[in-house]
Structures are given as C-alpha cells and as structure tokens.
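J.: You'll find structure-v3.txt just under this line, and it carries compact mmCIF, C-alpha atoms.
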```txt
# COMPACT_ATOMS: atom_id res chain seq x y z
CA MET X 1 0.00 0.00 0.00
CA LYS X 2 1.36 3.40 -1.03
CA ALA X 3 1.30 6.41 1.30
CA THR X 4 -0.52 9.56 0.26
CA LYS X 5 1.76 12.25 -1.13
CA PHE X 6 1.35 15.66 0.51
CA LEU X 7 2.90 18.82 -0.85
CA LYS X 8 5.35 20.80 1.20
CA THR X 9 5.33 24.59 1.09
CA ALA X 10 8.68 24.70 -0.73
CA GLU X 11 7.40 22.37 -3.47
CA VAL X 12 4.44 24.54 -4.47
CA GLU X 13 4.67 26.21 -7.89
CA LYS X 14 2.16 29.05 -8.12
CA LYS X 15 0.94 30.37 -11.45
CA TRP X 16 -0.51 33.80 -12.17
CA ILE X 17 -3.82 33.88 -14.01
CA ILE X 18 -5.93 36.78 -15.21
CA VAL X 19 -9.72 36.72 -15.64
CA ASP X 20 -11.91 39.33 -17.30
CA ALA X 21 -15.19 39.82 -15.37
CA GLU X 22 -17.04 41.90 -17.96
CA ASN X 23 -20.65 40.61 -18.36
CA VAL X 24 -19.79 37.44 -16.41
CA VAL X 25 -22.21 36.10 -13.78
CA LEU X 26 -20.80 36.95 -10.33
CA GLY X 27 -21.48 33.66 -8.52
CA ARG X 28 -20.11 31.45 -11.29
CA LEU X 29 -16.91 33.49 -11.51
CA ALA X 30 -16.52 33.55 -7.73
CA THR X 31 -16.71 29.75 -7.50
CA PHE X 32 -14.11 29.38 -10.25
CA ILE X 33 -11.78 31.85 -8.52
CA ALA X 34 -12.25 30.21 -5.10
CA MET X 35 -11.30 26.83 -6.56
CA ARG X 36 -8.17 28.31 -8.16
CA LEU X 37 -7.18 30.12 -4.95
CA ARG X 38 -7.51 26.95 -2.88
CA GLY X 39 -5.66 24.83 -5.44
CA LYS X 40 -8.42 22.26 -5.86
CA HIS X 41 -7.86 22.20 -9.63
CA ARG X 42 -4.44 20.59 -9.08
CA PRO X 43 -3.88 16.83 -8.93
CA ASP X 44 -1.51 17.33 -5.96
CA TYR X 45 -3.99 19.41 -3.90
CA THR X 46 -3.13 19.46 -0.22
CA PRO X 47 -5.83 20.83 2.11
CA HIS X 48 -3.52 22.36 4.72
CA ILE X 49 -1.10 24.09 2.30
CA ASP X 50 -1.64 27.25 0.24
CA CYS X 51 -1.10 25.60 -3.15
CA GLY X 52 -3.48 27.74 -5.22
CA ASP X 53 -2.73 30.22 -7.97
CA ASN X 54 -2.49 34.00 -7.83
CA VAL X 55 -5.62 35.38 -9.50
CA ILE X 56 -6.03 38.82 -11.07
CA VAL X 57 -9.59 39.96 -11.87
CA ILE X 58 -10.08 42.93 -14.19
CA ASN X 59 -13.28 44.82 -15.07
CA ALA X 60 -14.87 43.93 -11.72
CA GLU X 61 -17.19 46.93 -12.00
CA LYS X 62 -18.85 45.35 -15.07
CA VAL X 63 -19.75 42.04 -13.41
CA ALA X 64 -23.32 40.80 -13.99
CA LEU X 65 -25.84 39.77 -11.36
CA THR X 66 -28.81 37.64 -12.43
CA GLY X 67 -32.44 38.32 -11.61
CA LYS X 68 -33.12 41.27 -9.31
CA LYS X 69 -29.95 40.74 -7.25
CA ARG X 70 -28.42 44.03 -8.35
CA THR X 71 -31.15 45.98 -6.54
CA ASP X 72 -32.29 43.45 -3.91
CA LYS X 73 -29.00 41.94 -2.67
CA VAL X 74 -28.00 43.74 0.52
CA TYR X 75 -24.62 43.78 2.27
CA TYR X 76 -24.76 44.33 6.04
CA TRP X 77 -22.12 45.39 8.56
CA HIS X 78 -22.17 46.59 12.14
CA THR X 79 -20.34 49.62 13.45
CA GLY X 80 -19.99 48.23 16.96
CA TYR X 81 -22.33 50.78 18.51
CA PRO X 82 -25.91 50.10 19.65
CA GLY X 83 -28.24 50.37 16.68
CA GLY X 84 -25.23 50.49 14.36
CA LEU X 85 -26.41 47.99 11.75
CA LYS X 86 -25.66 49.42 8.32
CA GLU X 87 -26.70 48.14 4.91
CA ARG X 88 -25.95 48.87 1.29
CA SER X 89 -27.31 47.29 -1.89
CA ALA X 90 -25.08 45.67 -4.50
CA ASP X 91 -26.18 48.36 -6.97
CA LYS X 92 -24.84 51.17 -4.76
CA ILE X 93 -21.54 49.37 -4.21
CA LEU X 94 -21.02 48.61 -7.91
CA ASP X 95 -21.82 52.20 -8.88
CA GLY X 96 -19.82 53.62 -5.97
CA ARG X 97 -16.20 54.26 -5.18
CA PHE X 98 -15.04 50.64 -4.62
CA PRO X 99 -16.93 48.35 -7.04
CA GLU X 100 -14.33 45.60 -6.69
CA ARG X 101 -15.55 44.85 -3.14
CA VAL X 102 -18.56 42.90 -4.46
CA MET X 103 -16.27 40.41 -6.24
CA LYS X 104 -13.86 40.19 -3.31
CA LYS X 105 -16.69 39.55 -0.83
CA ALA X 106 -18.24 36.86 -3.05
CA VAL X 107 -14.93 34.98 -3.26
CA GLN X 108 -14.18 35.46 0.45
CA ARG X 109 -17.49 33.87 1.42
CA MET X 110 -16.67 30.78 -0.68
CA LEU X 111 -13.39 30.12 1.13
CA PRO X 112 -13.15 28.31 4.50
CA LYS X 113 -14.38 30.50 7.32
CA GLU X 114 -12.03 32.68 9.35
CA SER X 115 -8.86 30.65 9.31
CA PRO X 116 -5.28 31.76 8.78
CA LEU X 117 -5.12 29.62 5.64
CA ALA X 118 -8.25 31.25 4.18
CA ARG X 119 -6.80 34.72 4.82
CA LYS X 120 -3.54 33.69 3.13
CA GLN X 121 -5.41 32.30 0.13
CA LEU X 122 -7.56 35.44 -0.14
CA SER X 123 -4.40 37.56 -0.18
CA ASN X 124 -3.53 35.85 -3.50
CA LEU X 125 -6.56 37.54 -5.11
CA ARG X 126 -6.16 40.94 -6.77
CA VAL X 127 -9.33 42.64 -8.00
CA TYR X 128 -9.33 45.77 -10.17
CA ALA X 129 -12.32 47.81 -11.31
CA GLY X 130 -10.84 48.70 -14.70
CA THR X 131 -8.65 46.96 -17.25
CA ASP X 132 -5.32 48.23 -15.89
CA HIS X 133 -3.29 46.18 -13.41
CA PRO X 134 0.33 46.41 -12.20
CA HIS X 135 1.17 42.70 -12.60
CA GLU X 136 2.54 42.54 -16.15
CA ALA X 137 5.96 41.52 -14.80
CA GLN X 138 4.51 38.23 -13.53
CA SER X 139 3.35 37.42 -17.11
CA PRO X 140 -0.08 36.10 -16.10
CA GLU X 141 -1.85 33.50 -18.20
CA VAL X 142 -5.17 34.76 -19.58
CA ILE X 143 -8.13 32.47 -18.91
CA ASP X 144 -11.22 32.98 -21.06
CA PHE X 145 -13.90 32.20 -18.48
CA LYS X 146 -16.73 33.39 -20.75
CA SER X 147 -16.18 30.65 -23.31
CA MET X 148 -16.11 27.80 -20.76
CA SER X 149 -19.92 27.67 -20.61
CA PRO X 150 -22.72 29.69 -22.19
CA LYS X 151 -24.24 30.12 -18.71
CA ASN X 152 -21.19 32.10 -17.56
CA VAL X 153 -22.22 35.15 -19.60
CA LYS X 154 -25.30 37.25 -19.04
CA GLU X 155 -26.74 38.84 -22.15
CA ASN X 156 -28.13 42.29 -21.41
```
Can the structure from this file be put into structure tokens for me?

T.:
Amino acid sequence: MKATKFLKTAEVEKKWIIVDAENVVLGRLATFIAMRLRGKHRPDYTPHIDCGDNVIVINAEKVALTGKKRTDKVYYWHTGYPGGLKERSADKILDGRFPERVMKKAVQRMLPKESPLARKQLSNLRVYAGTDHPHEAQSPEVIDFKSMSPKNVKEN
C-alpha cells in the first residue's frame, strides 16, 4: 500500500492567471476563482497548504448579477455601537467608489471560514475595477472564463 503524497510549502509552484469579469455572472466566476485560490484544480492538492494560484480579476465593475440581485442583494455590517447595523445594496456598491468589493466579498465567502489559511489564500486575489493592473511583470496566463460555458455570460 502506497502512502498519500502531501505537498510541502517549498514544493508549491504558483501560477498567475488573469480573468476578465465583464458581463460574467458573479457567482459562477466567484466559485471558479475560489477553486483556483484553494488549489483544488491541481492533482496534488493538499488541504492544509496554500497551493493555489495568484488570480487577477479585471473589469470587476462590469460584473453581472442575475435576476433582481443588483437591486435586492444587501450587504450588512455593524459599526460596533448600539443600533449600528448598516446596509448597502449591491447596486450602490457597484456604482460607488469601490466596485471591486462585491467580487472580493463573493470569493471570500466561498473560502473556508475565518482561518489563517483562508486569509492567506484570499491575499492571492487581486481585483481591479478597470482593465489596468500592475502585474505585467509576472506574465499572467489569460483564462477565457466566458467561453467555458454559455451560462457564464449574461446577455443584457
């Protein structure tokens, strides 16, 4: 009987990938990114090691939400003071100052909850509202997520 092979941190080879989020359904893209961040697409996946890729998302402000989620989906947070529950709709966030937070929050909620490994894996995600990003030196591989399935794209 052969023993299971586990990766060591020094053996991990991380790739850089870039994904365009324009007119792509948010939830489908977030699941794809979460799988790549965790490393579950690899045959040598090790659950306790950060073996995922570095992911760059561009055009996060142009992501698509299906149904009435753009107006009805609400993000809550608490200020810490009595009666300090705040809320904001996805529409206000996407049209506001930091539209990339919707994508980041969707991916964060698909990773394991509040663990040091999940925080490390989330730090490998870079989300940009526009098409410009400062990671050309890493020569990222472009992944065409739109063409993987016709359900990935929302026609307006």

J.: Which residue out of X:Gly84, X:Gln108, X:Thr31, X:Met103 has the minimum interatomic distance to X:Lys120 when only C-alpha atoms are used?

T.: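 The answer is X:Gln108, which sits nearest to X:Lys120.
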
J.: Residues at most 10 Å from X:Tyr76, counting all atoms listed in the file, excluding those fewer than 6 positions away in the same chain, as a list in words?

T.: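 What passes the distance filter is Leu85, Lys86, Glu87, Arg88 and Ser89 of chain X.
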
J.: Find the residues with any atom within 12 Å of (-3.4, 20.4, -13.9); use all atoms listed in the file and the coordinates as given in the file, and write the answer as a count of residues only.

T.: 13

J.: I'd like the neighbourhood of X:Pro116 as a ChimeraX atom specification, where a residue qualifies if any of its atoms comes within 12 Å (using all atoms listed in the file), though same-chain residues fewer than 5 positions away should be ignored.

T.: /X:48-50,111,121-123

J.: Need to verify the contact set: X:Ala60, 9 Å, all atoms listed in the file, exclusion of same-chain residues closer than 4 positions in sequence. Can you return it as a PDB file with C-alpha atoms, keeping the file's coordinate frame?

T.:
```pdb
ATOM      1  CA  ASP X  20     -11.910  39.330 -17.300  1.00  0.00           C
ATOM      2  CA  ALA X  21     -15.190  39.820 -15.370  1.00  0.00           C
ATOM      3  CA  GLU X  22     -17.040  41.900 -17.960  1.00  0.00           C
ATOM      4  CA  LEU X  94     -21.020  48.610  -7.910  1.00  0.00           C
ATOM      5  CA  PRO X  99     -16.930  48.350  -7.040  1.00  0.00           C
ATOM      6  CA  GLU X 100     -14.330  45.600  -6.690  1.00  0.00           C
ATOM      7  CA  ARG X 101     -15.550  44.850  -3.140  1.00  0.00           C
ATOM      8  CA  VAL X 102     -18.560  42.900  -4.460  1.00  0.00           C
ATOM      9  CA  MET X 103     -16.270  40.410  -6.240  1.00  0.00           C
ATOM     10  CA  VAL X 127      -9.330  42.640  -8.000  1.00  0.00           C
ATOM     11  CA  TYR X 128      -9.330  45.770 -10.170  1.00  0.00           C
ATOM     12  CA  ALA X 129     -12.320  47.810 -11.310  1.00  0.00           C
ATOM     13  CA  GLY X 130     -10.840  48.700 -14.700  1.00  0.00           C
ATOM     14  CA  THR X 131      -8.650  46.960 -17.250  1.00  0.00           C
TER      15      THR X 131
END
```

J.: Quick one: residues within 10 Å of X:Pro112, only C-alpha atoms, excluding same-chain residues fewer than 5 positions away - as a PyMOL selection string?

T.: chain X and resi 34+38+117-119+121

J.: Set the distance at 6 Å and use all atoms listed in the file: which residues neighbour X:Ala64 once local chain neighbours fewer than 6 positions away are removed? I'd like the list as a list in words.

T.: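 Listed by chain and then number, they are Asn23, Val24, Val25 and Leu26 of chain X.
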
J.: Provide the atom CA of X:Ile17 to atom CA of X:Glu155 distance in Å, to one decimal place.

T.: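 These atoms are spaced 24.8 Å apart.
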
J.: Taking into account all atoms listed in the file, which residue in the set X:Glu61, X:Lys5, X:Lys154, X:Thr79 is nearest to X:Arg97?

T.: X:Glu61

J.: Would you fill out stretch 32-65 of chain X with N, CA and C atoms and return it as a CSV table (one decimal), keeping the file's coordinate frame?

T.:
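Full text of part02.csv as output:
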```csv
chain,number,residue,atom,x,y,z
X,32,PHE,N,-15.3,29.7,-9.5
X,32,PHE,CA,-14.1,29.4,-10.2
X,32,PHE,C,-12.8,29.9,-9.6
X,33,ILE,N,-12.9,31.2,-9.2
X,33,ILE,CA,-11.8,31.8,-8.5
X,33,ILE,C,-11.5,31.2,-7.2
X,34,ALA,N,-12.5,30.9,-6.4
X,34,ALA,CA,-12.2,30.2,-5.1
X,34,ALA,C,-11.6,28.9,-5.3
X,35,MET,N,-11.9,28.1,-6.3
X,35,MET,CA,-11.3,26.8,-6.6
X,35,MET,C,-9.8,27.0,-6.9
X,36,ARG,N,-9.6,28.0,-7.8
X,36,ARG,CA,-8.2,28.3,-8.2
X,36,ARG,C,-7.3,28.8,-7.0
X,37,LEU,N,-7.9,29.6,-6.1
X,37,LEU,CA,-7.2,30.1,-5.0
X,37,LEU,C,-6.8,29.0,-4.0
X,38,ARG,N,-7.8,28.1,-3.8
X,38,ARG,CA,-7.5,27.0,-2.9
X,38,ARG,C,-6.6,25.9,-3.5
X,39,GLY,N,-6.5,25.8,-4.8
X,39,GLY,CA,-5.7,24.8,-5.4
X,39,GLY,C,-6.4,23.5,-5.7
X,40,LYS,N,-7.7,23.5,-5.7
X,40,LYS,CA,-8.4,22.3,-5.9
X,40,LYS,C,-8.4,21.8,-7.3
X,41,HIS,N,-7.9,22.6,-8.2
X,41,HIS,CA,-7.9,22.2,-9.6
X,41,HIS,C,-6.6,21.4,-9.9
X,42,ARG,N,-5.7,21.3,-8.9
X,42,ARG,CA,-4.4,20.6,-9.1
X,42,ARG,C,-4.6,19.1,-8.7
X,43,PRO,N,-3.8,18.2,-9.3
X,43,PRO,CA,-3.9,16.8,-8.9
X,43,PRO,C,-3.2,16.6,-7.6
X,44,ASP,N,-2.2,17.5,-7.2
X,44,ASP,CA,-1.5,17.3,-6.0
X,44,ASP,C,-2.0,18.3,-4.9
X,45,TYR,N,-3.4,18.5,-4.9
X,45,TYR,CA,-4.0,19.4,-3.9
X,45,TYR,C,-3.8,18.9,-2.5
X,46,THR,N,-3.3,19.8,-1.6
X,46,THR,CA,-3.1,19.5,-0.2
X,46,THR,C,-4.0,20.4,0.6
X,47,PRO,N,-4.9,19.9,1.4
X,47,PRO,CA,-5.8,20.8,2.1
X,47,PRO,C,-5.2,21.8,3.1
X,48,HIS,N,-4.1,21.5,3.7
X,48,HIS,CA,-3.5,22.4,4.7
X,48,HIS,C,-2.4,23.3,4.2
X,49,ILE,N,-2.2,23.3,2.9
X,49,ILE,CA,-1.1,24.1,2.3
X,49,ILE,C,-1.7,25.1,1.3
X,50,ASP,N,-1.2,26.3,1.2
X,50,ASP,CA,-1.6,27.2,0.2
X,50,ASP,C,-1.0,26.9,-1.1
X,51,CYS,N,-1.7,26.1,-1.9
X,51,CYS,CA,-1.1,25.6,-3.2
X,51,CYS,C,-1.9,26.2,-4.3
X,52,GLY,N,-2.7,27.2,-4.1
X,52,GLY,CA,-3.5,27.7,-5.2
X,52,GLY,C,-2.7,28.8,-6.0
X,53,ASP,N,-3.3,29.3,-7.1
X,53,ASP,CA,-2.7,30.2,-8.0
X,53,ASP,C,-3.0,31.6,-7.5
X,54,ASN,N,-2.2,32.6,-8.0
X,54,ASN,CA,-2.5,34.0,-7.8
X,54,ASN,C,-3.4,34.4,-8.9
X,55,VAL,N,-4.6,35.0,-8.6
X,55,VAL,CA,-5.6,35.4,-9.5
X,55,VAL,C,-5.8,36.9,-9.6
X,56,ILE,N,-5.8,37.4,-10.8
X,56,ILE,CA,-6.0,38.8,-11.1
X,56,ILE,C,-7.4,38.9,-11.8
X,57,VAL,N,-8.3,39.7,-11.3
X,57,VAL,CA,-9.6,40.0,-11.9
X,57,VAL,C,-9.6,41.4,-12.4
X,58,ILE,N,-9.9,41.6,-13.6
X,58,ILE,CA,-10.1,42.9,-14.2
X,58,ILE,C,-11.5,43.2,-14.6
X,59,ASN,N,-11.9,44.4,-14.7
X,59,ASN,CA,-13.3,44.8,-15.1
X,59,ASN,C,-14.3,44.3,-14.0
X,60,ALA,N,-14.0,44.4,-12.8
X,60,ALA,CA,-14.9,43.9,-11.7
X,60,ALA,C,-16.1,44.8,-11.6
X,61,GLU,N,-16.0,46.0,-12.1
X,61,GLU,CA,-17.2,46.9,-12.0
X,61,GLU,C,-18.3,46.5,-13.0
X,62,LYS,N,-17.9,45.7,-14.0
X,62,LYS,CA,-18.8,45.4,-15.1
X,62,LYS,C,-19.4,43.9,-14.9
X,63,VAL,N,-19.3,43.4,-13.7
X,63,VAL,CA,-19.8,42.0,-13.4
X,63,VAL,C,-21.3,42.0,-13.5
X,64,ALA,N,-21.9,40.9,-13.8
X,64,ALA,CA,-23.3,40.8,-14.0
X,64,ALA,C,-23.9,40.0,-12.8
X,65,LEU,N,-25.1,40.5,-12.4
X,65,LEU,CA,-25.8,39.8,-11.4
X,65,LEU,C,-27.2,39.4,-12.0
```
